[in-house]
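**Student:** Please see the structure below; I have some questions.
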Amino acid sequence: AAFVGAHHCRAPSPTAPERFLFWMSWNYVVSAHKPTNVSHAVVGRFTAPDQLNLIISKCTRLEVHSIDNEGMLQPVLDVPLYGRIATMELWKPEGEKQDMLFVSTERYQFCILAYDPATNDIITKAKGDVSDRTGRPADCGQIGIVEPQCKLIGLHLYDGLFKVIPAVPGGGLRAEAFNIRLEELQVIDIVFLHKYPKPTLALLYQDSKLLCHLKTYELLVRDKDLGDGPWAQMNLESGASSLIALPFGGVLVLGEQSITYHSGSAFKTIPIEFAAFKAYGKVDADGTRWLLGDHQGWLRVLVLDIEPSRQEVVNLSIEKLGRTSQASCISYLTAGAVFLGSCFGDSQLLRLSEEANDDGSYLSELDRWDNLGPITDFVVIDSERQGQGQVITCSGAHRDGSLRIVRNGIGINEQARVDLPGIKGMWSIKRHSPHQPTILVLSFVSETRMLAMQEEDELAEIELPGFDSDAPTLLCAPISNHAVAQVTPRALRLIDSNSMTLIDEWIPPSGVTISMACVQSSYLLLATAGKTLRLFTSDGASLTKLSESSTSHEVSCVALHALTNPNAMETDEQPDKTSGPKTLYAAAGLWTSLSVQLLAVPSLNVVHTEPLGLEVIPRSLLFTRADGIDFLLCALGDGQLMSFVMNENSPPDGAPMADVAATADGVSLTDRKVVTLGTQPITLVPFRSGSTTQVFACSDRPTVVHATSGRLLYSNVNLKSTSHMTPFESEALPDCLAIASEDALLIGTIDEIQKLHIVKMALDEQPRRLCHIEAERVLVVLTVHNEWSPAGDETETNFVKVFDDQTLEALGQYALLPVESGCSLLSIKFESEPNRPTFLVVGTAFVLDEPEPTSGRLLVFELQERKLELRCETRTKGAVYSLEAFNGQLLAGVNNKLQLYSWATMAAASSHGLVLRHEHCGHILVLYIQTRGDFILVGDLMKSIALLQFTSTGELTELARDFNAHWMTAVAFLDDDNYLGAENGLNLFVARKNAEAATDDERIRMEVVGEFHLGEFVNRFRRGSLTMQAECGTAPLPTLLYGTVNGVLGILASLPQTQFNFLSKVQTSMVKVIKGVGGLSHREFRSFCNDRKTVEATGFIDGDLIEQFLSLDANKQSEVCVDLDVTVDELTRKIEELAAFTDTNVSSEQT
């Protein structure tokens, strides 16, 4: 194809650019959850000479934390890198007061980073590229080491080569690095030894007979060569995996069954029980104690006894401290605190203790950080059937495996709960006198009860003399100064807020009852049964009726609001105290006309009528002000929420605002929007969160309404149905909300707006595949359980396990046969049995001593009372790597074949079973299958993607193929003609079916229309979203979610071309303004790159870069907008609309 040829040697035809642009794929890629997999950690004085810091590497991000005297961590910086971190070491040349940081990336770029306290940012001291045109990347991965006196840096990047970067006086690095040949091709580990006058290497390697040896070399910088070292040790333990250079000289060799000390003149070894060590960390500066973490999560301490005169080890001892996540890095902080970073489980902050705990461990956990990685599979479900998607992931590896429930929204941290059914209304009031507890007023069907916090921090019932406790309360709120209004169906009562005694009372005429009320400042509006509104005011000592008005229909809800003059100034510190005139308005929702009326205050004259246009009754009204804009919120009886912007026309010069308000054109409602929050009536309650006012929408799906840049946003609250809410605080429970449901009263604090909340359910084994059966409300998981013998022999058992999809309670399991591995999982309804419940199909492989499995099984289960019942099994001639439902039939990827099965009556028996209908060959390994209508997308081990179709003759026919040699990791349909692929070079690409081509040869060849380096290994794409549904009448962007090895949950959205073009310009401008940390290039990092080619990214927008705009200072934001013909506010609003898909804040729970 012309586009592919253009990247090699052939010039494109004149029409190729037009074809490419016409067929372009427009995609926006952003991380909803940033990488959490911790690969490296170092401790040094990075931000100041007297400040100890922990620096953490999370793939493409660097985190800097300060360490206090107790070993606790406080975040300082979190910065992205345009590269995947391969090695990270401290760098402190002679004469420097602070540590710097040496970082190298997987693309063989390096940099020296330092901290600038003036800007609170990271600056680049040196940078370079150490890649070689020829060379085989090292099997053991990149190794980066720093000479103890910081004279040079050594890198082992390619087999048989050792790269040296010499330092220059002052701590800089020479412009040119050089290679030194190594005789040892299978290097396991390399370190610089201490206490030698010249740089000396210790090298652990394996020979062709798989025997391990230890060798030392003297590094001759001037000669750019290696000289013979002071000593060597041949024939080490075959399981040796790591070297530890000791500060006093010599080296430790960590093996699987022994630990050995070598110094040339001394040798000491101790046997240990089998352990594959994954990480180590120094405790003491003199190197006499080391922490070691193994493959099973055991943390051990290794103690070295040193003979002082010779500075040699005379004895080694090792002891278990306790069990942790499997460590990838260990850093001792101070005061017994240890940071343990993990790639396979949660990272932890631990405290070492001298005495054992009750469980025999010498560890106590101080903090824990969630790690979703590696995400091997995930599903998107709506377990509460409310339109709010949540992701359930298969996370972790080995005994750190878990299920994680990830949900977007706002968390309520429960502080207290009381079983109290039947609450019909709830308000909180404060006494005017100091040190008096906040009172919680609860309304029931026929009474009112008051609760308050007592001395022993218990919520107890109290009696207040001024309250009418024998009637339900319609409203209880402060009014004017030092007074409280209680409204019941039979009276309006004014109560002193100090003594809580009755001051004044208004009783409606005989036969009239009060139906609802609202209060604002010193005004109170009542609606009585019928069509009458009455407006009162109070000075705190008495009630005065100002006006009375009749409505055209019965009133269903009321609200009061002080509309600020647009010319007045608004401050965050005093959001309700604005200078300039105010116009008071009331709003009334009407039953029969299904409309909202705006009324002037105090006259109650109707100034505007707004038909709702829906056959639903308004049930709650609320005025709110956000970002300088006045909104009217109207909640409906079916769970929908309307929002309007209130616009007040400016009066002529010198005319009072009241004159304008009294006219029909004095105020208007515009920018009408409708969003569905739930299915039940909504009650709206304002509350303060930080310095801003938010709105809590109580319903069967509680939601917080908040605003950013003049736009209303909706964040789901992670609670089930709520009926009422009120702010509540006391000395024991500050800054809380009281929330009522059908059967309980909950008091808790509210999290930040729009967070990703993570709930963990530990499995103690690795989950591999996951599916959700909605009809049975269960999750089915394929798990792998590993057991290790004392000799190091591993036994693996695979299970099919069933869990409740809400409580995650284990319901049952099915053990696979020995040496049988679960590969794929699918829930399906067969076409031949439409009335039968959903079946569960498991694909397996028998793992024997052979290059590729030659046998496997298809197991079909039925869930009986949520228990697994095996209905049939079918033997296959290979591993069943993938399964997918296809028009009521079953597609299976069995080794190199795509097979189509149907569910039919077996010839030899009356029972049903799987019958092979057709198969398609020509693949290497069919690893991934996706379907859309009659089309089938196949992801191959080595042959990229292929598109097949099931024809009317009942055959599988190949329509098109991508002829690039991509090793696939995940595939997905974007639409009928565009197909998304992820390959093992950590890239994404989009291929398009060339249906318009003139010849068959061209039609069968897919056109690549988008390429992008994601920098993450994608294991799964799923269609779905974490956000609430869009406003009614607006089409949401089609989105895919993806999960990666590093714990990233990402979103890929398909954009309209005009929006893509605009964001592409924003991206270009952002790259000019934001310089990459370490001098790393965004363009180079996002370029599609694998073993076969490197081309610039096309067809994708880097959403992580775009959303950095929101965190820039004002000057840089203005700089970005210079070439965009857009204001900062407009660009901010556009990006926030995209950012509504995701938020990077995360909270967690453990189960």
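Ordering of the structure tokens sets the chain letters (A, B, ...), residue numbers begin anew at 1 in every chain, and ligands are numbered from 1 in the order given.
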Write out as a list in words which residues come within 10 Å of segment 686-688 of chain A when counting only C-alpha atoms, dropping same-chain ones fewer than 5 positions away.

**Tutor:**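 Skipping anything fewer than 5 positions along the chain leaves Leu622, Phe623, Thr624, Thr693, Gln694, Val695, Phe696, Ala697, Val704, Val705, Met725, Thr726, Pro727, Phe728, Asp735 and Leu737 of chain A.
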
**Student:** Quick one: residues within 10 Å of Tyr205 of chain A, only C-alpha atoms, excluding same-chain residues fewer than 5 positions away - as a VMD selection string?

**Tutor:** chain A and resid 184 to 190 210 to 215 236 240 to 241

**Student:** Would you kindly return, as a CSV table (one decimal) with all heavy atoms, in the first residue's frame, each protein, DNA or RNA residue with an atom no farther than 8 Å from any atom of segment 149-156 of chain A, considering only C-alpha atoms and excluding same-chain residues fewer than 3 positions away?

**Tutor:**
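Result file part33.csv:
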chain,number,residue,atom,x,y,z
A,91,TRP,N,23.1,9.7,41.9
A,91,TRP,CA,24.3,10.2,41.3
A,91,TRP,C,24.8,11.4,42.1
A,91,TRP,O,24.1,12.4,42.1
A,91,TRP,CB,24.1,10.5,39.9
A,91,TRP,CG,25.3,11.2,39.2
A,91,TRP,CD1,25.4,12.5,38.8
A,91,TRP,CD2,26.4,10.5,38.7
A,91,TRP,NE1,26.6,12.7,38.2
A,91,TRP,CE2,27.2,11.5,38.1
A,91,TRP,CE3,26.9,9.2,38.8
A,91,TRP,CZ2,28.5,11.2,37.5
A,91,TRP,CZ3,28.1,8.9,38.2
A,91,TRP,CH2,28.9,9.9,37.6
A,92,LYS,N,25.9,11.3,42.9
A,92,LYS,CA,26.4,12.4,43.7
A,92,LYS,C,27.9,12.5,43.6
A,92,LYS,O,28.6,11.9,44.3
A,92,LYS,CB,26.0,12.1,45.2
A,92,LYS,CG,26.3,13.3,46.1
A,92,LYS,CD,25.9,13.1,47.5
A,92,LYS,CE,26.2,14.3,48.4
A,92,LYS,NZ,25.8,14.0,49.8
A,93,PRO,N,28.3,13.3,42.5
A,93,PRO,CA,29.7,13.4,42.3
A,93,PRO,C,30.4,14.2,43.5
A,93,PRO,O,29.7,14.8,44.3
A,93,PRO,CB,29.8,14.3,41.0
A,93,PRO,CG,28.5,14.1,40.4
A,93,PRO,CD,27.5,13.9,41.5
A,94,GLU,N,31.7,14.1,43.6
A,94,GLU,CA,32.4,14.8,44.6
A,94,GLU,C,32.2,16.3,44.6
A,94,GLU,O,32.2,16.9,43.5
A,94,GLU,CB,33.9,14.5,44.4
A,94,GLU,CG,34.8,15.0,45.6
A,94,GLU,CD,36.2,14.6,45.4
A,94,GLU,OE1,36.5,13.9,44.4
A,94,GLU,OE2,37.1,15.0,46.2
A,138,ALA,N,20.0,-7.4,25.8
A,138,ALA,CA,20.4,-8.4,26.8
A,138,ALA,C,19.2,-9.1,27.3
A,138,ALA,O,18.1,-8.5,27.6
A,138,ALA,CB,21.1,-7.6,28.0
A,142,GLN,N,18.0,-4.5,30.9
A,142,GLN,CA,19.1,-3.5,31.1
A,142,GLN,C,19.6,-3.5,32.6
A,142,GLN,O,18.8,-3.6,33.5
A,142,GLN,CB,18.6,-2.1,30.7
A,142,GLN,CG,18.2,-2.0,29.2
A,142,GLN,CD,17.8,-0.6,28.8
A,142,GLN,OE1,18.3,0.4,29.4
A,142,GLN,NE2,17.0,-0.5,27.9
A,143,ILE,N,20.9,-3.3,32.7
A,143,ILE,CA,21.5,-3.1,34.0
A,143,ILE,C,22.3,-1.8,34.0
A,143,ILE,O,23.1,-1.5,33.1
A,143,ILE,CB,22.5,-4.3,34.4
A,143,ILE,CG1,21.7,-5.6,34.4
A,143,ILE,CG2,23.1,-4.0,35.7
A,143,ILE,CD1,22.6,-6.8,34.6
A,144,GLY,N,22.0,-0.9,35.0
A,144,GLY,CA,22.7,0.3,35.1
A,144,GLY,C,23.3,0.4,36.4
A,144,GLY,O,22.7,0.2,37.5
A,145,ILE,N,24.6,0.7,36.5
A,145,ILE,CA,25.4,0.8,37.8
A,145,ILE,C,26.2,2.0,37.8
A,145,ILE,O,26.7,2.5,36.8
A,145,ILE,CB,26.2,-0.5,38.0
A,145,ILE,CG1,27.1,-0.8,36.8
A,145,ILE,CG2,25.3,-1.7,38.3
A,145,ILE,CD1,28.1,-2.0,37.0
A,146,VAL,N,26.4,2.5,39.0
A,146,VAL,CA,27.2,3.7,39.2
A,146,VAL,C,28.5,3.4,40.0
A,146,VAL,O,28.4,2.7,41.1
A,146,VAL,CB,26.4,4.8,40.0
A,146,VAL,CG1,27.3,6.0,40.3
A,146,VAL,CG2,25.2,5.2,39.1
A,159,ASP,N,23.9,-8.0,24.7
A,159,ASP,CA,24.7,-9.2,25.0
A,159,ASP,C,26.2,-9.0,24.5
A,159,ASP,O,26.3,-8.6,23.3
A,159,ASP,CB,24.1,-10.4,24.4
A,159,ASP,CG,22.9,-10.9,25.2
A,159,ASP,OD1,22.8,-10.5,26.3
A,159,ASP,OD2,22.1,-11.7,24.6
A,161,LEU,N,28.4,-6.7,25.4
A,161,LEU,CA,28.9,-5.3,25.4
A,161,LEU,C,28.6,-4.7,26.8
A,161,LEU,O,27.6,-4.9,27.4
A,161,LEU,CB,28.2,-4.5,24.3
A,161,LEU,CG,28.5,-4.8,22.9
A,161,LEU,CD1,27.6,-3.9,21.9
A,161,LEU,CD2,30.0,-4.6,22.5
A,162,PHE,N,29.6,-3.9,27.2
A,162,PHE,CA,29.4,-3.1,28.4
A,162,PHE,C,29.7,-1.7,28.1
A,162,PHE,O,30.8,-1.3,27.6
A,162,PHE,CB,30.4,-3.6,29.5
A,162,PHE,CG,30.2,-2.9,30.8
A,162,PHE,CD1,29.1,-3.2,31.6
A,162,PHE,CD2,31.2,-2.0,31.3
A,162,PHE,CE1,28.9,-2.5,32.8
A,162,PHE,CE2,31.0,-1.3,32.5
A,162,PHE,CZ,29.9,-1.6,33.3
A,163,LYS,N,28.7,-0.8,28.2
A,163,LYS,CA,28.8,0.6,27.9
A,163,LYS,C,29.3,1.4,29.1
A,163,LYS,O,28.8,1.2,30.2
A,163,LYS,CB,27.4,1.1,27.5
A,163,LYS,CG,27.3,2.5,27.0
A,163,LYS,CD,27.7,2.8,25.6
A,163,LYS,CE,26.7,2.1,24.7
A,163,LYS,NZ,27.0,2.5,23.3
A,164,VAL,N,30.2,2.3,28.8
A,164,VAL,CA,30.8,3.1,29.9
A,164,VAL,C,30.6,4.6,29.5
A,164,VAL,O,30.8,5.0,28.4
A,164,VAL,CB,32.3,2.9,30.0
A,164,VAL,CG1,32.9,3.8,31.1
A,164,VAL,CG2,32.6,1.4,30.4
A,165,ILE,N,30.0,5.4,30.5
A,165,ILE,CA,29.8,6.8,30.4
A,165,ILE,C,30.7,7.5,31.4
A,165,ILE,O,30.4,7.5,32.6
A,165,ILE,CB,28.4,7.2,30.6
A,165,ILE,CG1,27.4,6.4,29.8
A,165,ILE,CG2,28.2,8.7,30.2
A,165,ILE,CD1,26.0,6.6,30.0
A,166,PRO,N,31.9,8.0,31.0
A,166,PRO,CA,32.8,8.6,32.0
A,166,PRO,C,32.2,9.9,32.5
A,166,PRO,O,31.6,10.6,31.8
A,166,PRO,CB,34.1,8.8,31.3
A,166,PRO,CG,33.9,7.9,30.0
A,166,PRO,CD,32.5,7.9,29.7
A,167,ALA,N,32.6,10.3,33.7
A,167,ALA,CA,32.3,11.6,34.3
A,167,ALA,C,33.4,12.6,34.1
A,167,ALA,O,34.5,12.2,33.8
A,167,ALA,CB,32.0,11.4,35.8
A,168,VAL,N,33.0,13.8,34.1
A,168,VAL,CA,34.0,14.9,34.0
A,168,VAL,C,34.0,15.7,35.3
A,168,VAL,O,33.1,15.6,36.1
A,168,VAL,CB,33.7,15.8,32.8
A,168,VAL,CG1,33.8,15.1,31.5
A,168,VAL,CG2,32.3,16.5,33.0
A,171,GLY,N,31.0,16.8,38.0
A,171,GLY,CA,29.8,15.9,38.0
A,171,GLY,C,29.1,15.7,36.7
A,171,GLY,O,28.1,15.0,36.7
A,173,LEU,N,28.8,14.5,32.6
A,173,LEU,CA,29.2,13.3,31.9
A,173,LEU,C,29.8,13.7,30.5
A,173,LEU,O,29.4,14.7,29.9
A,173,LEU,CB,27.9,12.4,31.6
A,173,LEU,CG,27.3,11.9,32.9
A,173,LEU,CD1,26.0,11.2,32.5
A,173,LEU,CD2,28.2,11.0,33.7
